[in-house]
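Q: File my_file.cif below, mmCIF, C-alpha atoms and all ligand atoms:
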```cif
data_model
loop_
_atom_site.label_atom_id
_atom_site.label_comp_id
_atom_site.auth_asym_id
_atom_site.auth_seq_id
_atom_site.Cartn_x
_atom_site.Cartn_y
_atom_site.Cartn_z
CA MET W 22 -85.50 12.14 101.00
CA ASP W 23 -86.83 10.15 98.09
CA GLU W 24 -85.13 7.07 96.64
CA HIS W 25 -83.25 9.02 93.96
CA GLU W 26 -81.98 11.59 96.41
CA ILE W 27 -80.78 8.88 98.76
CA ILE W 28 -78.90 6.99 96.08
CA ASP W 29 -77.49 10.17 94.53
CA SER W 30 -76.28 11.32 97.93
CA LEU W 31 -74.62 8.00 98.58
CA LYS W 32 -73.00 8.02 95.13
CA ARG W 33 -71.69 11.51 95.80
CA ILE W 34 -70.25 10.46 99.15
CA ARG W 35 -68.81 7.31 97.61
CA SER W 36 -67.13 9.26 94.82
CA GLN W 37 -64.44 10.45 97.24
CA ASP W 38 -63.12 6.86 97.39
CA MET W 39 -60.70 5.32 94.95
CA LEU W 40 -62.03 2.49 92.80
CA TYR W 41 -60.18 -0.75 92.15
CA GLY W 42 -60.50 0.01 88.45
CA ASP W 43 -58.50 3.26 88.88
CA GLY W 44 -55.40 1.09 89.08
CA ARG W 45 -53.91 2.99 92.06
CA ILE W 46 -54.81 0.60 94.87
CA LEU W 47 -51.79 -1.55 95.68
CA SER W 48 -52.57 -2.02 99.37
CA SER W 49 -55.75 -4.04 99.36
CA VAL W 50 -56.27 -7.78 99.74
CA SER W 51 -59.71 -7.44 98.17
CA THR W 52 -60.72 -6.60 94.63
CA LYS W 53 -63.85 -5.72 92.64
CA PRO W 54 -66.26 -8.64 93.04
CA LEU W 55 -67.67 -10.41 90.00
CA ASP W 56 -70.93 -8.93 88.67
CA VAL W 57 -72.55 -12.36 88.88
CA ALA W 58 -71.56 -12.64 92.54
CA VAL W 59 -73.07 -9.22 93.32
CA GLU W 60 -76.25 -10.22 91.51
CA ALA W 61 -76.36 -13.49 93.42
CA TYR W 62 -75.89 -11.50 96.63
CA ASN W 63 -78.90 -9.37 95.75
CA VAL W 64 -81.09 -12.39 95.04
CA PHE W 65 -80.44 -13.61 98.59
CA SER W 66 -80.03 -10.23 100.30
CA ASP W 67 -83.11 -10.76 102.51
CA VAL W 68 -82.17 -14.33 103.46
CA ASN W 69 -80.95 -15.00 106.97
CA ALA W 70 -78.91 -18.19 106.78
CA LEU W 71 -79.55 -18.79 110.48
CA ASP W 72 -83.27 -19.11 109.84
CA VAL W 73 -83.25 -22.33 107.87
CA HIS W 74 -86.81 -22.99 109.08
CA VAL W 75 -87.83 -19.98 106.93
CA PHE W 76 -85.23 -20.11 104.15
CA LYS W 77 -84.72 -23.78 103.26
CA SER W 78 -82.96 -22.83 100.02
CA ILE W 79 -79.77 -21.53 101.62
CA GLU W 80 -78.85 -24.76 103.41
CA GLY W 81 -78.31 -26.62 100.14
CA ILE W 82 -76.35 -23.76 98.63
CA GLU W 83 -74.04 -23.57 101.64
CA TYR W 84 -73.66 -27.34 101.55
CA ASP W 85 -72.51 -27.04 97.91
CA VAL W 86 -70.02 -24.33 98.86
CA VAL W 87 -68.55 -26.34 101.72
CA SER W 88 -68.33 -29.47 99.51
CA TRP W 89 -66.53 -27.50 96.80
CA PHE W 90 -63.95 -26.44 99.36
CA GLY W 91 -63.74 -30.07 100.47
CA GLY W 92 -62.46 -30.84 96.97
CA LEU W 93 -60.16 -27.84 96.91
CA LEU W 94 -58.69 -28.55 100.36
CA ASN W 95 -58.46 -32.33 99.94
CA ASN W 96 -61.02 -33.42 102.46
CA LYS W 97 -64.26 -35.24 101.66
CA LEU W 98 -65.34 -35.09 105.32
CA ILE W 99 -64.93 -31.31 105.61
CA ALA W 100 -67.32 -29.33 107.82
CA GLY W 101 -67.64 -25.56 108.04
CA TYR W 102 -69.61 -22.48 107.14
CA VAL W 103 -69.52 -19.12 105.37
CA SER W 104 -68.50 -16.60 108.01
CA SER W 105 -68.21 -12.82 107.99
CA GLY W 106 -64.46 -12.95 107.26
CA GLY W 107 -61.03 -14.02 108.42
CA THR W 108 -61.38 -12.55 111.89
CA GLU W 109 -64.52 -14.50 112.73
CA SER W 110 -63.04 -17.65 111.17
CA ASN W 111 -59.86 -17.44 113.24
CA ILE W 112 -61.79 -16.84 116.47
CA TYR W 113 -64.12 -19.72 115.63
CA ALA W 114 -61.22 -22.11 114.98
CA LEU W 115 -59.67 -21.37 118.36
CA TRP W 116 -63.08 -21.69 120.01
CA ALA W 117 -63.32 -25.18 118.49
CA ALA W 118 -59.81 -25.91 119.81
CA LYS W 119 -60.78 -24.79 123.29
CA LYS W 120 -63.81 -27.09 123.27
CA LEU W 121 -61.53 -29.96 122.36
CA TYR W 122 -58.89 -29.24 125.00
CA PRO W 123 -60.75 -27.19 127.67
CA LYS W 124 -57.93 -27.31 130.22
CA ARG W 125 -55.22 -25.88 127.95
CA LYS W 126 -54.58 -22.18 127.48
CA LYS W 127 -51.32 -21.75 125.59
CA ILE W 128 -51.38 -20.99 121.88
CA LEU W 129 -48.23 -20.73 119.74
CA VAL W 130 -48.62 -17.83 117.35
CA PRO W 131 -45.91 -16.67 114.91
CA GLU W 132 -45.06 -12.99 115.15
CA SER W 133 -46.30 -12.51 111.60
CA ALA W 134 -49.84 -13.76 112.34
CA HIS W 135 -52.89 -11.57 111.79
CA TYR W 136 -54.01 -9.42 114.72
CA SER W 137 -57.30 -11.32 114.91
CA PHE W 138 -55.46 -13.85 117.09
CA LEU W 139 -55.04 -11.13 119.71
CA LYS W 140 -58.81 -10.74 119.73
CA ALA W 141 -59.31 -14.50 119.88
CA ALA W 142 -56.89 -14.87 122.80
CA ASP W 143 -58.57 -12.05 124.68
CA LEU W 144 -62.08 -13.35 124.11
CA LEU W 145 -61.26 -16.98 124.84
CA ASP W 146 -58.89 -16.23 127.72
CA LEU W 147 -55.88 -17.84 126.04
CA GLU W 148 -52.19 -17.10 126.52
CA ILE W 149 -50.17 -16.32 123.42
CA LYS W 150 -46.60 -17.60 123.20
CA TRP W 151 -45.11 -15.61 120.34
CA ILE W 152 -42.99 -17.63 117.91
CA PRO W 153 -40.13 -15.68 116.32
CA LEU W 154 -39.57 -15.71 112.59
CA ASP W 155 -36.62 -17.13 110.69
CA ARG W 156 -34.60 -15.13 108.18
CA GLY W 157 -37.26 -15.72 105.52
CA PHE W 158 -39.97 -14.19 107.79
CA LYS W 159 -41.51 -17.64 108.35
CA ALA W 160 -42.44 -19.20 111.70
CA ASP W 161 -39.25 -20.57 113.22
CA ILE W 162 -39.47 -24.36 113.50
CA PRO W 163 -36.89 -24.87 116.29
CA SER W 164 -38.80 -22.33 118.42
CA ILE W 165 -42.07 -24.19 117.90
CA LYS W 166 -40.32 -27.45 118.82
CA GLU W 167 -39.01 -25.85 121.97
CA CYS W 168 -42.36 -24.34 123.06
CA ILE W 169 -44.83 -27.06 122.17
CA ASP W 170 -45.88 -29.25 125.11
CA GLN W 171 -48.86 -30.92 126.79
CA ASP W 172 -50.28 -27.52 127.79
CA THR W 173 -50.35 -26.29 124.20
CA LEU W 174 -53.92 -25.78 123.09
CA ALA W 175 -53.17 -24.80 119.50
CA VAL W 176 -50.51 -23.87 117.00
CA VAL W 177 -51.28 -21.26 114.37
CA ALA W 178 -49.66 -20.93 110.95
CA THR W 179 -50.40 -18.54 108.11
CA ALA W 180 -50.58 -19.17 104.38
CA GLY W 181 -50.08 -15.62 103.18
CA THR W 182 -49.11 -13.30 106.04
CA SER W 183 -50.72 -9.88 106.18
CA ALA W 184 -47.51 -7.84 105.90
CA LEU W 185 -45.40 -9.84 103.44
CA GLY W 186 -47.59 -12.61 102.01
CA VAL W 187 -45.25 -15.28 103.35
CA VAL W 188 -46.34 -18.92 103.71
CA ASP W 189 -45.21 -20.50 106.99
CA PRO W 190 -43.55 -23.96 106.80
CA ILE W 191 -46.89 -25.64 107.27
CA GLU W 192 -45.75 -29.17 106.41
CA ALA W 193 -42.98 -29.02 109.01
CA ILE W 194 -45.32 -27.53 111.62
CA ASN W 195 -47.87 -30.24 110.84
CA ASN W 196 -45.32 -32.84 111.90
CA LEU W 197 -45.08 -31.22 115.34
CA CYS W 198 -48.81 -31.05 115.99
CA LYS W 199 -49.78 -34.67 116.66
CA GLU W 200 -51.14 -33.84 120.12
CA THR W 201 -52.34 -30.31 119.72
CA PHE W 202 -54.85 -28.41 117.62
CA PHE W 203 -53.36 -26.97 114.41
CA HIS W 204 -55.05 -24.04 112.70
CA VAL W 205 -53.99 -22.64 109.32
CA ASP W 206 -55.00 -19.09 108.50
CA ALA W 207 -55.21 -19.17 104.72
CA ALA W 208 -57.49 -16.12 104.57
CA PHE W 209 -55.44 -14.81 101.66
CA GLY W 210 -53.50 -17.83 100.36
CA GLY W 211 -56.50 -20.16 100.39
CA PHE W 212 -57.69 -18.73 97.09
CA VAL W 213 -54.18 -18.69 95.56
CA LEU W 214 -52.15 -21.73 96.63
CA PRO W 215 -54.55 -24.41 95.31
CA PHE W 216 -54.34 -22.81 91.87
CA LEU W 217 -50.55 -22.74 91.61
CA ASP W 218 -48.53 -25.57 90.14
CA GLY W 219 -46.32 -26.99 92.85
CA GLY W 220 -47.22 -24.53 95.61
CA PRO W 221 -46.50 -25.49 99.23
CA LYS W 222 -48.96 -27.84 100.95
CA PHE W 223 -51.33 -26.19 103.39
CA ASP W 224 -54.53 -28.22 103.28
CA PHE W 225 -56.22 -31.18 105.00
CA SER W 226 -53.95 -33.64 103.19
CA LEU W 227 -51.60 -32.80 106.07
CA GLU W 228 -53.02 -35.08 108.72
CA ASN W 229 -52.68 -32.86 111.81
CA ILE W 230 -54.40 -29.78 110.43
CA ASP W 231 -57.67 -29.34 112.33
CA SER W 232 -59.03 -26.14 110.80
CA ILE W 233 -58.47 -23.72 107.93
CA THR W 234 -59.60 -20.14 107.30
CA VAL W 235 -60.18 -19.08 103.68
CA ASP W 236 -61.69 -15.74 102.65
CA PRO W 237 -63.80 -15.65 99.47
CA HIS W 238 -63.92 -11.84 99.85
CA LYS W 239 -60.18 -11.59 99.26
CA MET W 240 -58.90 -13.46 96.15
CA GLY W 241 -62.28 -15.15 95.58
CA PHE W 242 -64.01 -12.18 93.85
CA VAL W 243 -66.93 -12.30 96.28
CA PRO W 244 -68.44 -9.18 97.91
CA MET W 245 -67.99 -8.71 101.65
CA PRO W 246 -68.78 -10.13 104.18
CA SER W 247 -67.74 -13.54 102.87
CA GLY W 248 -65.28 -15.56 104.88
CA ALA W 249 -65.16 -19.29 105.36
CA VAL W 250 -63.93 -21.57 108.12
CA PHE W 251 -63.43 -25.30 107.82
CA LEU W 252 -62.93 -28.13 110.27
CA ARG W 253 -61.53 -31.56 109.48
CA ASP W 254 -64.89 -33.26 110.08
CA GLU W 255 -68.23 -32.89 111.82
CA SER W 256 -67.01 -34.37 115.10
CA TYR W 257 -65.61 -30.97 116.08
CA LEU W 258 -69.10 -29.50 115.91
CA HIS W 259 -70.59 -31.63 118.68
CA LYS W 260 -69.24 -29.48 121.46
CA LEU W 261 -69.94 -26.22 119.62
CA GLY W 262 -73.65 -26.81 119.14
CA ILE W 263 -76.16 -24.64 121.01
CA SER W 264 -79.94 -25.27 121.04
CA PRO W 265 -81.77 -21.94 121.33
CA THR W 266 -85.05 -22.49 123.18
CA TYR W 267 -87.08 -20.75 120.47
CA LEU W 268 -85.47 -22.39 117.42
CA PRO W 269 -86.18 -25.91 116.16
CA PHE W 270 -82.50 -26.76 115.55
CA LYS W 271 -78.98 -26.53 116.93
CA THR W 272 -76.65 -23.82 115.70
CA TYR W 273 -72.91 -24.41 115.28
CA THR W 274 -71.67 -21.04 114.05
CA LEU W 275 -70.09 -18.14 115.93
CA SER W 276 -72.37 -15.54 114.35
CA GLY W 277 -76.14 -15.70 114.85
CA SER W 278 -77.88 -14.15 111.87
CA ARG W 279 -75.84 -14.73 108.73
CA SER W 280 -75.96 -13.19 105.30
CA GLY W 281 -77.62 -15.49 102.78
CA GLY W 282 -76.28 -13.06 100.19
CA ALA W 283 -72.68 -13.87 101.09
CA ILE W 284 -73.31 -17.60 100.72
CA ALA W 285 -75.09 -17.20 97.38
CA ALA W 286 -72.37 -14.86 96.14
CA THR W 287 -69.65 -17.36 97.07
CA TRP W 288 -71.63 -20.10 95.30
CA ALA W 289 -71.95 -17.90 92.21
CA ALA W 290 -68.23 -17.07 92.07
CA ILE W 291 -67.03 -20.65 92.41
CA LYS W 292 -69.58 -21.89 89.86
CA TYR W 293 -68.74 -19.09 87.43
CA LEU W 294 -64.96 -19.25 87.62
CA GLY W 295 -64.42 -22.84 88.75
CA VAL W 296 -60.93 -24.14 89.36
CA GLY W 297 -59.92 -23.34 85.76
CA GLY W 298 -61.02 -19.71 86.04
CA TYR W 299 -59.22 -19.15 89.34
CA LYS W 300 -56.11 -20.83 87.87
CA ARG W 301 -56.06 -18.39 84.97
CA ILE W 302 -56.49 -15.38 87.25
CA VAL W 303 -53.85 -16.53 89.72
CA ALA W 304 -51.43 -17.25 86.85
CA GLU W 305 -51.89 -13.69 85.59
CA CYS W 306 -51.36 -12.23 89.10
CA MET W 307 -48.20 -14.30 89.52
CA LYS W 308 -46.92 -13.21 86.10
CA ASN W 309 -47.42 -9.58 87.11
CA THR W 310 -45.74 -10.26 90.46
CA ARG W 311 -42.67 -11.60 88.63
CA ILE W 312 -42.60 -8.56 86.34
CA LEU W 313 -42.82 -6.28 89.39
CA CYS W 314 -39.99 -8.14 91.13
CA SER W 315 -37.73 -8.03 88.11
CA GLU W 316 -38.32 -4.27 87.73
CA LEU W 317 -37.66 -3.77 91.44
CA GLY W 318 -34.42 -5.71 90.98
CA ARG W 319 -33.45 -3.39 88.13
CA LEU W 320 -34.02 -0.39 90.42
CA GLY W 321 -32.02 -2.05 93.23
CA VAL W 322 -35.02 -2.06 95.61
CA GLU W 323 -34.85 -4.66 98.37
CA ILE W 324 -37.57 -7.35 98.34
CA LEU W 325 -37.90 -8.77 101.84
CA ALA W 326 -39.10 -12.28 101.05
CA GLU W 327 -39.07 -14.16 97.76
CA PRO W 328 -42.79 -14.07 96.79
CA GLU W 329 -44.65 -17.39 96.83
CA LEU W 330 -47.93 -15.55 96.35
CA ASN W 331 -48.99 -12.38 94.51
CA PHE W 332 -47.67 -10.27 97.36
CA VAL W 333 -44.40 -8.33 97.61
CA GLY W 334 -42.89 -6.52 100.58
CA ILE W 335 -40.30 -3.92 99.57
CA ARG W 336 -37.87 -1.80 101.55
CA PRO W 337 -36.33 0.93 99.40
CA ASN W 338 -33.59 3.13 100.84
CA ASP W 339 -35.17 6.24 102.39
CA LEU W 340 -38.30 4.20 103.04
CA GLU W 341 -40.41 6.92 104.70
CA GLU W 342 -39.56 9.52 102.09
CA ILE W 343 -40.29 7.21 99.19
CA TRP W 344 -43.50 6.08 100.80
CA SER W 345 -44.78 9.67 101.18
CA SER W 346 -43.67 10.63 97.66
CA LEU W 347 -45.51 7.64 96.17
CA LYS W 348 -48.60 8.54 98.16
CA ALA W 349 -48.32 12.11 96.91
CA LYS W 350 -48.32 10.72 93.37
CA GLY W 351 -51.68 9.08 94.14
CA TRP W 352 -50.63 5.52 94.97
CA ASN W 353 -52.57 3.81 97.69
CA ILE W 354 -49.91 1.87 99.56
CA LEU W 355 -49.42 0.67 103.13
CA MET W 356 -46.29 0.50 105.23
CA ASP W 357 -45.82 -2.27 107.79
CA LYS W 358 -44.20 -0.84 110.91
CA LYS W 359 -42.74 -4.09 112.16
CA THR W 360 -40.94 -5.21 109.01
CA ARG W 361 -40.43 -1.62 107.84
CA SER W 362 -41.67 -2.44 104.38
CA ILE W 363 -44.22 -1.29 101.84
CA ARG W 364 -46.62 -4.07 100.93
CA ILE W 365 -47.76 -4.42 97.36
CA VAL W 366 -50.57 -6.87 96.78
CA VAL W 367 -50.70 -7.80 93.12
CA MET W 368 -54.46 -8.32 93.03
CA PRO W 369 -56.31 -8.92 89.76
CA HIS W 370 -56.93 -5.15 89.42
CA VAL W 371 -53.13 -4.58 89.51
CA SER W 372 -52.53 -5.19 85.82
CA GLY W 373 -49.26 -5.16 83.88
CA GLU W 374 -50.04 -1.59 82.89
CA VAL W 375 -50.54 -0.55 86.53
CA ILE W 376 -47.20 -2.11 87.39
CA ARG W 377 -45.42 -0.25 84.59
CA SER W 378 -46.90 3.03 85.75
CA PHE W 379 -45.97 2.29 89.41
CA ILE W 380 -42.40 1.41 88.46
CA SER W 381 -42.06 4.56 86.45
CA ASP W 382 -43.23 6.67 89.45
CA LEU W 383 -40.98 4.70 91.80
CA GLU W 384 -38.01 5.30 89.52
CA ASP W 385 -38.87 9.02 89.56
CA VAL W 386 -39.06 9.28 93.32
CA ILE W 387 -35.90 7.23 93.83
C1 LIG H 1 -53.89 -13.59 106.98
C2 LIG H 1 -55.13 -12.88 107.38
N1 LIG H 1 -55.94 -13.44 108.27
C3 LIG H 1 -57.07 -12.85 108.67
C4 LIG H 1 -57.46 -11.63 108.16
C5 LIG H 1 -58.72 -10.98 108.64
O1 LIG H 1 -59.68 -10.97 107.66
P1 LIG H 1 -60.98 -10.05 107.78
O2 LIG H 1 -60.51 -8.64 107.61
O3 LIG H 1 -61.84 -10.56 106.69
O4 LIG H 1 -61.57 -10.27 109.13
C6 LIG H 1 -56.64 -11.00 107.22
C7 LIG H 1 -57.01 -9.70 106.66
O5 LIG H 1 -56.35 -9.10 105.89
C8 LIG H 1 -55.44 -11.64 106.82
O6 LIG H 1 -54.61 -11.09 105.92
#
```
Any chance you could put this one into structure tokens?
A:
Amino acid sequence: MDEHEIIDSLKRIRSQDMLYGDGRILSSVSTKPLDVAVEAYNVFSDVNALDVHVFKSIEGIEYDVVSWFGGLLNNKLIAGYVSSGGTESNIYALWAAKKLYPKRKKILVPESAHYSFLKAADLLDLEIKWIPLDRGFKADIPSIKECIDQDTLAVVATAGTSALGVVDPIEAINNLCKETFFHVDAAFGGFVLPFLDGGPKFDFSLENIDSITVDPHKMGFVPMPSGAVFLRDESYLHKLGISPTYLPFKTYTLSGSRSGGAIAATWAAIKYLGVGGYKRIVAECMKNTRILCSELGRLGVEILAEPELNFVGIRPNDLEEIWSSLKAKGWNILMDKKTRSIRIVVMPHVSGEVIRSFISDLEDVI
């Protein structure tokens, strides 16, 4: 095959997918990346961020990215790296916890946490104590109080749960974590909460938070695979460092080879949009979320948790039937089996017009 044939074939295959721009994707936590981020990715597409002895350029760019997040997450001493996504970041955080408290095995994980913690527990040989949720689908504080003890390796909380977009009571959990590792999975909320006025606290200004996951490839407009994981300071890295015999430096990351493209793309997005740009986008998403909720109210559709983010979990009567009818009308939606709800993520591609069209179809099928 020549170059044209290859690209044409791939375009043909790709054309069976929906595009974010079609305005039918309500299920995704990602969106179309910025053009400038894709271009930045291409500039660094052959750069392996592991090989800093070859590619000196990428170290400074990643340093800039981590420092920017230091400002965003209220921590001048922040340490961390651009990972492949939320799953790697969550595993890495618990690996750091295990290095800190090697004799402990128990981790307290709310029932709403992402399934990557199952992988982390399996890989790191940890025991999960599931924390039930309160009536607002948030981690139940009395249960954490009851379960936390000297054997607790880590407590996990989520800022933007995968099914309902709920933010756990992170400030209250922080107060319980003086003698244990505390990890906040803000894979989704990390690119939303800092840009809201008066949103709940979830960052390093809470003194017991040890690590935070944030995914630029979700609300950050960066192409995949771009995650990020942050530790309170460099001291956590000491026990994570490995010196490969054939490399002239220590490595501190979970992955070996890393995409220089992802780092450059993250750099491009944060430079291009800046805090002001993200604020404007998040404000628009929240406005659309409120419109959606008020229309759902008009139709008498149950909303499971009052949205704090651009994320709504709904449970109409005749859930399964309505779900299939909406899918038949071309809507890409997901149903969460545990909460028995349809999740609607009001991403930047879910415009006011998309919402009006969705509500009109929902009204029809109801
Ligand atoms: C809260 C949360 N954490 C972690 C992840 C995992 O992220 P990734 O798919 O980038 O590994 C997700 C994915 O949706 C998520 O919603």
Q: What's around Leu217 in chain W at 12 Å? Count all atoms listed in the file, leave out sequence neighbours fewer than 2 positions away in its own chain, and write the answer as a PyMOL selection string.
A: chain W and resi 210-215+219-222+296-297+299-308+329-331
Q: Keeping C-alpha atoms for every residue in the selection just given, could you write it to a file as a CSV table (one decimal), in the coordinates of the input?
A:
```csv
chain,number,residue,atom,x,y,z
W,210,GLY,CA,-53.5,-17.8,100.4
W,211,GLY,CA,-56.5,-20.2,100.4
W,212,PHE,CA,-57.7,-18.7,97.1
W,213,VAL,CA,-54.2,-18.7,95.6
W,214,LEU,CA,-52.2,-21.7,96.6
W,215,PRO,CA,-54.6,-24.4,95.3
W,219,GLY,CA,-46.3,-27.0,92.8
W,220,GLY,CA,-47.2,-24.5,95.6
W,221,PRO,CA,-46.5,-25.5,99.2
W,222,LYS,CA,-49.0,-27.8,101.0
W,296,VAL,CA,-60.9,-24.1,89.4
W,297,GLY,CA,-59.9,-23.3,85.8
W,299,TYR,CA,-59.2,-19.2,89.3
W,300,LYS,CA,-56.1,-20.8,87.9
W,301,ARG,CA,-56.1,-18.4,85.0
W,302,ILE,CA,-56.5,-15.4,87.2
W,303,VAL,CA,-53.8,-16.5,89.7
W,304,ALA,CA,-51.4,-17.2,86.8
W,305,GLU,CA,-51.9,-13.7,85.6
W,306,CYS,CA,-51.4,-12.2,89.1
W,307,MET,CA,-48.2,-14.3,89.5
W,308,LYS,CA,-46.9,-13.2,86.1
W,329,GLU,CA,-44.6,-17.4,96.8
W,330,LEU,CA,-47.9,-15.6,96.4
W,331,ASN,CA,-49.0,-12.4,94.5
```
Q: Need to verify the contact set: Arg377 in chain W, 12 Å, only C-alpha atoms, exclusion of same-chain residues closer than 2 positions in sequence. Can you return it as a PDB file with C-alpha atoms, in the frame of the given file?
A:
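Done, and the output landed in part_18.pdb:
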```
ATOM      1  CA  GLY W  44     -55.400   1.090  89.080  1.00  0.00           C
ATOM      2  CA  ARG W  45     -53.910   2.990  92.060  1.00  0.00           C
ATOM      3  CA  ASN W 309     -47.420  -9.580  87.110  1.00  0.00           C
ATOM      4  CA  THR W 310     -45.740 -10.260  90.460  1.00  0.00           C
ATOM      5  CA  ILE W 312     -42.600  -8.560  86.340  1.00  0.00           C
ATOM      6  CA  LEU W 313     -42.820  -6.280  89.390  1.00  0.00           C
ATOM      7  CA  CYS W 314     -39.990  -8.140  91.130  1.00  0.00           C
ATOM      8  CA  SER W 315     -37.730  -8.030  88.110  1.00  0.00           C
ATOM      9  CA  GLU W 316     -38.320  -4.270  87.730  1.00  0.00           C
ATOM     10  CA  LEU W 317     -37.660  -3.770  91.440  1.00  0.00           C
ATOM     11  CA  VAL W 371     -53.130  -4.580  89.510  1.00  0.00           C
ATOM     12  CA  SER W 372     -52.530  -5.190  85.820  1.00  0.00           C
ATOM     13  CA  GLY W 373     -49.260  -5.160  83.880  1.00  0.00           C
ATOM     14  CA  GLU W 374     -50.040  -1.590  82.890  1.00  0.00           C
ATOM     15  CA  VAL W 375     -50.540  -0.550  86.530  1.00  0.00           C
ATOM     16  CA  PHE W 379     -45.970   2.290  89.410  1.00  0.00           C
ATOM     17  CA  ILE W 380     -42.400   1.410  88.460  1.00  0.00           C
ATOM     18  CA  SER W 381     -42.060   4.560  86.450  1.00  0.00           C
ATOM     19  CA  ASP W 382     -43.230   6.670  89.450  1.00  0.00           C
ATOM     20  CA  LEU W 383     -40.980   4.700  91.800  1.00  0.00           C
ATOM     21  CA  GLU W 384     -38.010   5.300  89.520  1.00  0.00           C
TER      22      GLU W 384
END
```
Q: Got a sec to check which residues sit within 12 Å of (-40.3, 4.5, 103.6), counting all atoms listed in the file, and write them as a PyMOL selection string?
A: chain W and resi 322-323+334-348+354-358+360-364+383+386-387
Q: Taking all atoms of range 157-169 of chain W that the file lists and extending 5 Å past them on each side, where is the centre of the axis-aligned box and how long are its edges? Answer in Å to one decimal, as AutoDock Vina command-line options.
A:
```
--center_x -40.9 --center_y -20.8 --center_z 114.3 --size_x 17.9 --size_y 23.3 --size_z 27.5
```
Q: Given the point (-61.4, -14.1, 106.4) in the coordinates of this file, which residues lie within 6 Å, counting all atoms listed in the file, and how would they look as a count of residues only?
A: 7
Q: Within 7 Å of range 173-178 of chain W, counting only C-alpha atoms, which residues qualify if same-chain residues fewer than 4 places away don't, as a PyMOL selection string?
A: chain W and resi 118-119+122+125-131+169+189+191+201-206
Q: Pick out the closest residue to ligand LIG 1 (chain H) from this set: W:Pro269, W:Pro123, W:Pro237, W:Gly81. Count all atoms listed in the file.
A: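 Nearest candidate to ligand LIG 1 (chain H) out of W:Pro269, W:Pro123, W:Pro237, W:Gly81: W:Pro237.
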Q: Generate the missing atoms of range 326-330 of chain W up to all heavy atoms and report them as a PDB file, in the coordinates of the input.
A:
```pdb
ATOM      1  N   ALA W 326     -38.992 -10.818 101.125  1.00  0.00           N
ATOM      2  CA  ALA W 326     -39.100 -12.280 101.050  1.00  0.00           C
ATOM      3  C   ALA W 326     -39.458 -12.652  99.616  1.00  0.00           C
ATOM      4  O   ALA W 326     -40.326 -12.018  99.015  1.00  0.00           O
ATOM      5  CB  ALA W 326     -40.185 -12.763 101.997  1.00  0.00           C
ATOM      6  N   GLU W 327     -38.785 -13.665  99.112  1.00  0.00           N
ATOM      7  CA  GLU W 327     -39.070 -14.160  97.760  1.00  0.00           C
ATOM      8  C   GLU W 327     -40.561 -14.510  97.661  1.00  0.00           C
ATOM      9  O   GLU W 327     -41.056 -15.354  98.412  1.00  0.00           O
ATOM     10  CB  GLU W 327     -38.220 -15.414  97.525  1.00  0.00           C
ATOM     11  CG  GLU W 327     -38.131 -15.876  96.094  1.00  0.00           C
ATOM     12  CD  GLU W 327     -37.597 -14.797  95.158  1.00  0.00           C
ATOM     13  OE1 GLU W 327     -36.650 -14.070  95.513  1.00  0.00           O
ATOM     14  OE2 GLU W 327     -38.169 -14.698  94.065  1.00  0.00           O
ATOM     15  N   PRO W 328     -41.335 -13.839  96.779  1.00  0.00           N
ATOM     16  CA  PRO W 328     -42.790 -14.070  96.790  1.00  0.00           C
ATOM     17  C   PRO W 328     -43.195 -15.487  96.370  1.00  0.00           C
ATOM     18  O   PRO W 328     -42.750 -15.973  95.342  1.00  0.00           O
ATOM     19  CB  PRO W 328     -43.335 -13.049  95.790  1.00  0.00           C
ATOM     20  CG  PRO W 328     -42.224 -12.159  95.454  1.00  0.00           C
ATOM     21  CD  PRO W 328     -40.941 -12.831  95.806  1.00  0.00           C
ATOM     22  N   GLU W 329     -44.031 -16.098  97.202  1.00  0.00           N
ATOM     23  CA  GLU W 329     -44.650 -17.390  96.830  1.00  0.00           C
ATOM     24  C   GLU W 329     -46.077 -17.132  96.376  1.00  0.00           C
ATOM     25  O   GLU W 329     -46.721 -17.973  95.769  1.00  0.00           O
ATOM     26  CB  GLU W 329     -44.678 -18.317  98.035  1.00  0.00           C
ATOM     27  CG  GLU W 329     -43.324 -18.896  98.381  1.00  0.00           C
ATOM     28  CD  GLU W 329     -43.374 -19.712  99.657  1.00  0.00           C
ATOM     29  OE1 GLU W 329     -43.274 -19.110 100.734  1.00  0.00           O
ATOM     30  OE2 GLU W 329     -43.492 -20.943  99.561  1.00  0.00           O
ATOM     31  N   LEU W 330     -46.580 -15.953  96.744  1.00  0.00           N
ATOM     32  CA  LEU W 330     -47.930 -15.550  96.350  1.00  0.00           C
ATOM     33  C   LEU W 330     -47.828 -14.222  95.612  1.00  0.00           C
ATOM     34  O   LEU W 330     -46.728 -13.685  95.450  1.00  0.00           O
ATOM     35  CB  LEU W 330     -48.813 -15.375  97.602  1.00  0.00           C
ATOM     36  CG  LEU W 330     -48.924 -16.580  98.536  1.00  0.00           C
ATOM     37  CD1 LEU W 330     -49.688 -16.199  99.785  1.00  0.00           C
ATOM     38  CD2 LEU W 330     -49.639 -17.721  97.836  1.00  0.00           C
TER      39      LEU W 330
END
```
